[in-house]
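In what follows, a single structure is set out as structure tokens and then discussed.
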Amino acid sequence: MTTLETYFSLASLLLLFVFDGRVQSAVFDVKNYGGKADGKLDISKKEACSAKGSNRIVVPKGTYSIGLTDLNGPCKGAMELQVQGTLLAPINPSKYAKDSWITFAYIDRFKLSGGETFNGQGQVAWKQNNCGRNPKCKRLPVSLRFDFITNSVVQDVTSLDSKNFHVNVLGGKNLTFDRFTITAPGDSVNIDGIHIGHSNGINIINSNITTGDDCISIGGASEQIRITNLRCGHGHGISMGSSGKTTDEFVSGIFVRNCTFYDTDNGVRIKTWPALQDGMASDMHFEDIMMKNVRNPIVIYQVYCPWNQCNPKLPSKVKIANVTFKNIRGSSAIAVAVRLNCSSSFPCQKVELADINLMYRGKEGPAKSLCANVKPTL
């Protein structure tokens with residue numbers, strides 16, 4: 001980056017959208033409207049959504065600093081933001097007046113594409129991230145928020161070194177992440193890849209996630225989530241739940257297929273809080289999965305209580321039912337390759353394991369399983 005600070009606003013471009021209702025399909029290159037690489041870019045104007053037809057805004061190759069940005073609908077037509085250059089977030093966490101860097105909200109038929117990178121520049125912020133043990137902490141910003149985005153696609157995009165979650169999906173419906181890449185080191189604390197909540201019909205396909213916490217975490221009020229052909233490295237694998245902490249905790253219709261986990265603390269995990277709220281986690285299926293040196297390849301854990309934020313001696317009130325683990329193979333980093341620890345008040349129902357082939361070659365002997373309050377079908 002040069003020291004030159006060139007401010008560019010899309011206002012003139014977006015006014016074209018507002019006042020020319022005849023536009024049905026157009027491509028706008030921000031360089032034609034004053035945008036310069038190695039400068040500052042502003043794409044925060046809501047008026048882009050006022051254009052009819054299908055329109056595409058192109059950020060060409062180059063490096064741009066971009067501040068806190070909200071792109072809000074509803075829009076009159078389909079819209080694509082094609083980012084071919086690298087976007088840099090503000091480095092200092094104190095510069096953030098809200099909990100996200102870039103937010104896309106209330107847009108139907110939206111596409112984010114371009115093959116380049118959203119760089120959260122999170123290394124300084126990771127040292128300040130103590131939210132895992134301090135519920136009253138100041139929340140660091142999520143890189144990309146997708147709030148109430150419907151019938152949309154995120155394709156060929158990379159998120160690098162976010163300060164907090166790389167992606168947060170809230171209220172999404174029929175939203176697909178395809179060839180999506182997330183990259184952060186294993187010591188990026190509490191940095192989930194994609195967090196999903198209150199959403200229906202979210203698809204994550206053909207993607208690669210390496211980060212310090214969950215590759216994908218699925219929160220309450222989420223259903224019909226499909227994860228296919230994912231590579232998940234470092235961090236904590238894929239987690240369903242943390243259910244039972246609040247009152248909206250149902251998770252249903254989760255399908256994880258044809259995925260690879262390597263050097264993670266967990267593989268596929270269902271976790272619930274003890275003794276707080278009722279909930280339901282059902283219809284979850286994990287199939288055709290490769291584990292490579294994973295510490296806990298298969299986990300149901302209903303005494304999730306990090307940093308003593310609850311009483312782990314009290315049983316969870318969340319009911320778990322209709323869960324299958326099929327054709328899961330590879331290597332476990334510890335002897336207990338399968339751990340099913342269900343609630344004593346509501347034992348897990350209809351849990352099936354089939355074609356499980358997990359090897360452990362350490363000094364503790366062959367791989368084994370531990371089960372409590374569940375009678376799985378084998």
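So you can find residues: chains in the structure tokens are A, B, ... in the order shown, residues in each start at 1, and ligands are numbered from 1 in order.
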
Contacts of stretch 208-220 of chain A at 8 Å (only C-alpha atoms; same-chain gap of 3+ positions) as a PyMOL selection string = chain A and resi 179-198+230-243+248-251

Quick one: DSSP helix (DSSP H, G or I) residues in stretch 50-272 of chain A, as a PyMOL selection string?
-> chain A and resi 50+93-95+123-126

Keeping only N, CA and C atoms, write those residues as a PDB file, in the first residue's frame.
ATOM      1  N   SER A  50     -31.594   0.327  -6.217  1.00  0.00           N
ATOM      2  CA  SER A  50     -32.734   0.955  -6.870  1.00  0.00           C
ATOM      3  C   SER A  50     -32.804   0.698  -8.367  1.00  0.00           C
ATOM      4  N   PRO A  93      -8.925  -2.549  15.995  1.00  0.00           N
ATOM      5  CA  PRO A  93     -10.305  -2.885  16.377  1.00  0.00           C
ATOM      6  C   PRO A  93     -11.082  -1.713  16.947  1.00  0.00           C
ATOM      7  N   SER A  94     -10.399  -0.720  17.529  1.00  0.00           N
ATOM      8  CA  SER A  94     -11.104   0.421  18.107  1.00  0.00           C
ATOM      9  C   SER A  94     -11.755   1.300  17.049  1.00  0.00           C
ATOM     10  N   LYS A  95     -11.411   1.103  15.783  1.00  0.00           N
ATOM     11  CA  LYS A  95     -12.005   1.878  14.699  1.00  0.00           C
ATOM     12  C   LYS A  95     -13.409   1.405  14.339  1.00  0.00           C
ATOM     13  N   GLN A 123      -4.659  -9.947  12.949  1.00  0.00           N
ATOM     14  CA  GLN A 123      -3.624 -10.414  13.865  1.00  0.00           C
ATOM     15  C   GLN A 123      -3.571  -9.618  15.160  1.00  0.00           C
ATOM     16  N   VAL A 124      -3.721  -8.305  15.096  1.00  0.00           N
ATOM     17  CA  VAL A 124      -3.696  -7.486  16.309  1.00  0.00           C
ATOM     18  C   VAL A 124      -4.901  -7.793  17.194  1.00  0.00           C
ATOM     19  N   ALA A 125      -6.053  -8.008  16.584  1.00  0.00           N
ATOM     20  CA  ALA A 125      -7.285  -8.217  17.345  1.00  0.00           C
ATOM     21  C   ALA A 125      -7.309  -9.560  18.073  1.00  0.00           C
ATOM     22  N   TRP A 126      -6.668 -10.570  17.540  1.00  0.00           N
ATOM     23  CA  TRP A 126      -6.732 -11.896  18.169  1.00  0.00           C
ATOM     24  C   TRP A 126      -6.235 -11.873  19.606  1.00  0.00           C
TER      25      TRP A 126
END

Restrict the calculation to only C-alpha atoms, then for each residue of stretch 238-306 of chain A with any atom at most 8 Å from an atom of stretch 328-340 of chain A give the closest atom pair and their distance in Å to one decimal, rows by chain and rising residue number, as a Markdown table.
| residue | atom | partner | partner_atom | distance |
| --- | --- | --- | --- | --- |
| A:Glu287 | CA | A:Ile328 | CA | 6.5 |
| A:Asp288 | CA | A:Ile328 | CA | 5.7 |
| A:Ile289 | CA | A:Ile328 | CA | 4.8 |
| A:Met290 | CA | A:Arg329 | CA | 5.2 |
| A:Met291 | CA | A:Gly330 | CA | 4.6 |
| A:Lys292 | CA | A:Ser331 | CA | 5.1 |
| A:Asn293 | CA | A:Ala333 | CA | 4.8 |
| A:Val294 | CA | A:Ser332 | CA | 4.9 |
| A:Arg295 | CA | A:Ala333 | CA | 4.5 |
| A:Asn296 | CA | A:Ala337 | CA | 5.7 |
| A:Pro297 | CA | A:Ala337 | CA | 5.7 |
| A:Ile298 | CA | A:Val338 | CA | 4.9 |
| A:Val299 | CA | A:Arg339 | CA | 4.9 |
| A:Ile300 | CA | A:Leu340 | CA | 4.6 |
| A:Tyr301 | CA | A:Leu340 | CA | 6.4 |

Give the strand (DSSP E or B) residues of stretch 224-337 of chain A, as assigned by DSSP on the backbone, as a PyMOL selection string.
-> chain A and resi 224-233+238-243+250-262+266-272+279-294+296-301+318-332+336-337

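Taking atom CA of A:Asp283 and atom CA of A:Gln302 as the two end points, the separation is 16.9 Å.
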
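Here atom CA of A:Ser113 stands at a distance of 7.4 Å from atom CA of A:Glu80.
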
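We find atom CA of A:Lys317 and atom CA of A:Asn341 to be spaced 13.5 Å apart.
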
Using only C-alpha atoms, determine which residues lie at most 6 Å from stretch 73-79 of chain A, disregarding the query and same-chain residues fewer than 3 positions distant; provide the list as a PyMOL selection string.
-> chain A and resi 49-50+52-56+106-107+109-110

Write a file of the selected residues as a short mmCIF file (atom, residue, chain, number, x, y, z; two decimals), in the first residue's frame, keeping all heavy atoms.
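Result went into again-v9.cif, see below:
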data_model
loop_
_atom_site.label_atom_id
_atom_site.label_comp_id
_atom_site.auth_asym_id
_atom_site.auth_seq_id
_atom_site.Cartn_x
_atom_site.Cartn_y
_atom_site.Cartn_z
N CYS A 49 -29.32 -0.59 -5.04
CA CYS A 49 -30.44 -1.52 -5.09
C CYS A 49 -31.64 -0.94 -5.84
O CYS A 49 -32.61 -1.64 -6.08
CB CYS A 49 -30.88 -1.90 -3.68
SG CYS A 49 -29.82 -3.12 -2.90
N SER A 50 -31.59 0.33 -6.22
CA SER A 50 -32.73 0.95 -6.87
C SER A 50 -32.80 0.70 -8.37
O SER A 50 -33.76 1.10 -9.02
CB SER A 50 -32.70 2.47 -6.62
OG SER A 50 -32.81 2.74 -5.24
N LYS A 52 -33.38 -1.34 -11.81
CA LYS A 52 -34.14 -2.49 -12.29
C LYS A 52 -33.23 -3.41 -13.11
O LYS A 52 -32.20 -3.01 -13.59
CB LYS A 52 -35.32 -2.02 -13.14
CG LYS A 52 -36.35 -1.20 -12.36
CD LYS A 52 -37.48 -0.76 -13.29
CE LYS A 52 -38.51 0.06 -12.52
NZ LYS A 52 -39.61 0.52 -13.42
N GLY A 53 -33.66 -4.64 -13.28
CA GLY A 53 -32.89 -5.58 -14.09
C GLY A 53 -31.74 -6.17 -13.30
O GLY A 53 -31.68 -6.11 -12.08
N SER A 54 -30.78 -6.77 -14.03
CA SER A 54 -29.61 -7.39 -13.43
C SER A 54 -28.41 -6.48 -13.64
O SER A 54 -28.09 -6.12 -14.77
CB SER A 54 -29.35 -8.76 -14.07
OG SER A 54 -30.46 -9.62 -13.85
N ASN A 55 -27.72 -6.14 -12.56
CA ASN A 55 -26.60 -5.21 -12.64
C ASN A 55 -25.41 -5.76 -11.88
O ASN A 55 -25.55 -6.49 -10.90
CB ASN A 55 -27.01 -3.86 -12.07
CG ASN A 55 -28.15 -3.24 -12.86
OD1 ASN A 55 -27.94 -2.71 -13.93
ND2 ASN A 55 -29.36 -3.35 -12.33
N ARG A 56 -24.23 -5.40 -12.35
CA ARG A 56 -23.00 -5.90 -11.74
C ARG A 56 -22.05 -4.75 -11.51
O ARG A 56 -21.77 -3.95 -12.41
CB ARG A 56 -22.36 -6.94 -12.65
CG ARG A 56 -21.11 -7.57 -12.04
CD ARG A 56 -20.64 -8.74 -12.88
NE ARG A 56 -20.19 -8.30 -14.19
CZ ARG A 56 -20.09 -9.11 -15.25
NH1 ARG A 56 -20.47 -10.37 -15.15
NH2 ARG A 56 -19.64 -8.64 -16.40
N TYR A 106 -30.90 -7.91 3.67
CA TYR A 106 -32.22 -7.80 3.05
C TYR A 106 -32.13 -7.69 1.53
O TYR A 106 -32.76 -6.83 0.91
CB TYR A 106 -32.97 -6.60 3.63
CG TYR A 106 -33.22 -6.71 5.11
CD1 TYR A 106 -32.39 -6.07 6.02
CD2 TYR A 106 -34.27 -7.48 5.61
CE1 TYR A 106 -32.60 -6.18 7.39
CE2 TYR A 106 -34.49 -7.60 6.99
CZ TYR A 106 -33.66 -6.95 7.85
OH TYR A 106 -33.86 -7.06 9.20
N ILE A 107 -31.35 -8.58 0.93
CA ILE A 107 -31.21 -8.58 -0.53
C ILE A 107 -31.63 -9.95 -1.06
O ILE A 107 -31.22 -10.98 -0.54
CB ILE A 107 -29.76 -8.28 -0.96
CG1 ILE A 107 -29.26 -6.98 -0.33
CG2 ILE A 107 -29.67 -8.18 -2.48
CD1 ILE A 107 -27.79 -6.68 -0.60
N ARG A 109 -31.68 -12.39 -4.57
CA ARG A 109 -30.96 -12.58 -5.85
C ARG A 109 -29.67 -11.75 -5.89
O ARG A 109 -29.43 -10.96 -6.79
CB ARG A 109 -31.87 -12.25 -7.04
CG ARG A 109 -33.05 -13.21 -7.19
CD ARG A 109 -33.88 -12.85 -8.40
NE ARG A 109 -34.50 -11.54 -8.24
CZ ARG A 109 -34.80 -10.74 -9.25
NH1 ARG A 109 -34.52 -11.10 -10.51
NH2 ARG A 109 -35.38 -9.58 -9.03
N PHE A 110 -28.85 -12.00 -4.90
CA PHE A 110 -27.56 -11.31 -4.80
C PHE A 110 -26.45 -12.31 -5.09
O PHE A 110 -26.54 -13.48 -4.72
CB PHE A 110 -27.39 -10.74 -3.39
CG PHE A 110 -26.04 -10.15 -3.11
CD1 PHE A 110 -25.60 -9.02 -3.79
CD2 PHE A 110 -25.21 -10.72 -2.16
CE1 PHE A 110 -24.36 -8.47 -3.53
CE2 PHE A 110 -23.97 -10.18 -1.89
CZ PHE A 110 -23.53 -9.06 -2.57
#

Write out as a PyMOL selection string the residues lying within 7 Å of stretch 224-226 of chain A, counting only C-alpha atoms and excluding same-chain residues fewer than 3 positions away.
-> chain A and resi 200-204+252-256

Only N, CA and C atoms, please: the residues just picked out, written as a CSV table (one decimal), in the first residue's frame.
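Result file follows (again.csv):
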chain,number,residue,atom,x,y,z
A,200,ASN,N,-32.5,-21.1,6.9
A,200,ASN,CA,-33.1,-22.3,6.2
A,200,ASN,C,-32.6,-22.4,4.8
A,201,GLY,N,-32.1,-23.6,4.5
A,201,GLY,CA,-31.6,-23.8,3.1
A,201,GLY,C,-30.3,-23.2,2.8
A,202,ILE,N,-29.3,-23.4,3.7
A,202,ILE,CA,-27.9,-22.9,3.5
A,202,ILE,C,-27.1,-24.0,3.0
A,203,ASN,N,-26.4,-23.8,1.9
A,203,ASN,CA,-25.5,-24.8,1.2
A,203,ASN,C,-24.1,-24.3,1.2
A,204,ILE,N,-23.2,-25.2,1.7
A,204,ILE,CA,-21.7,-24.9,1.6
A,204,ILE,C,-21.1,-26.0,0.9
A,252,SER,N,-32.4,-28.8,12.9
A,252,SER,CA,-33.0,-29.9,12.2
A,252,SER,C,-32.5,-29.9,10.7
A,253,GLY,N,-32.4,-31.1,10.2
A,253,GLY,CA,-32.1,-31.3,8.8
A,253,GLY,C,-30.7,-30.8,8.4
A,254,ILE,N,-29.7,-31.5,9.1
A,254,ILE,CA,-28.3,-31.1,8.8
A,254,ILE,C,-27.7,-32.3,8.0
A,255,PHE,N,-27.1,-32.0,6.9
A,255,PHE,CA,-26.5,-33.1,6.1
A,255,PHE,C,-25.0,-32.7,5.8
A,256,VAL,N,-24.1,-33.5,6.3
A,256,VAL,CA,-22.7,-33.3,6.0
A,256,VAL,C,-22.1,-34.5,5.3

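Checking A:Thr176, A:Ser159, A:Gln277, A:Ser100 one by one against A:Arg139, counting only C-alpha atoms, you find the shortest gap at A:Ser100.
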
Write out as a ChimeraX atom specification the residues lying within 6 Å of A:Val303, counting only C-alpha atoms and excluding same-chain residues fewer than 6 positions away.
-> /A:273-274,312

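Restricting the calculation to only C-alpha atoms, the smallest distance between A:Lys350 and any of A:Asn322, A:Asn168, A:Thr150, A:Ser199 is found for A:Asn322.
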
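Remark: for A:Phe346, the closest of the candidate residues A:Ala372, A:Ala105, A:Val318, A:Leu276 is A:Val318 (distances computed over only C-alpha atoms).
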
Check the smallest atom-to-atom distance from each of A:Asp99, A:Arg145, A:Ile57, A:Ile66 to A:Lys111 using only C-alpha atoms, then report the winner.
-> A:Ile57
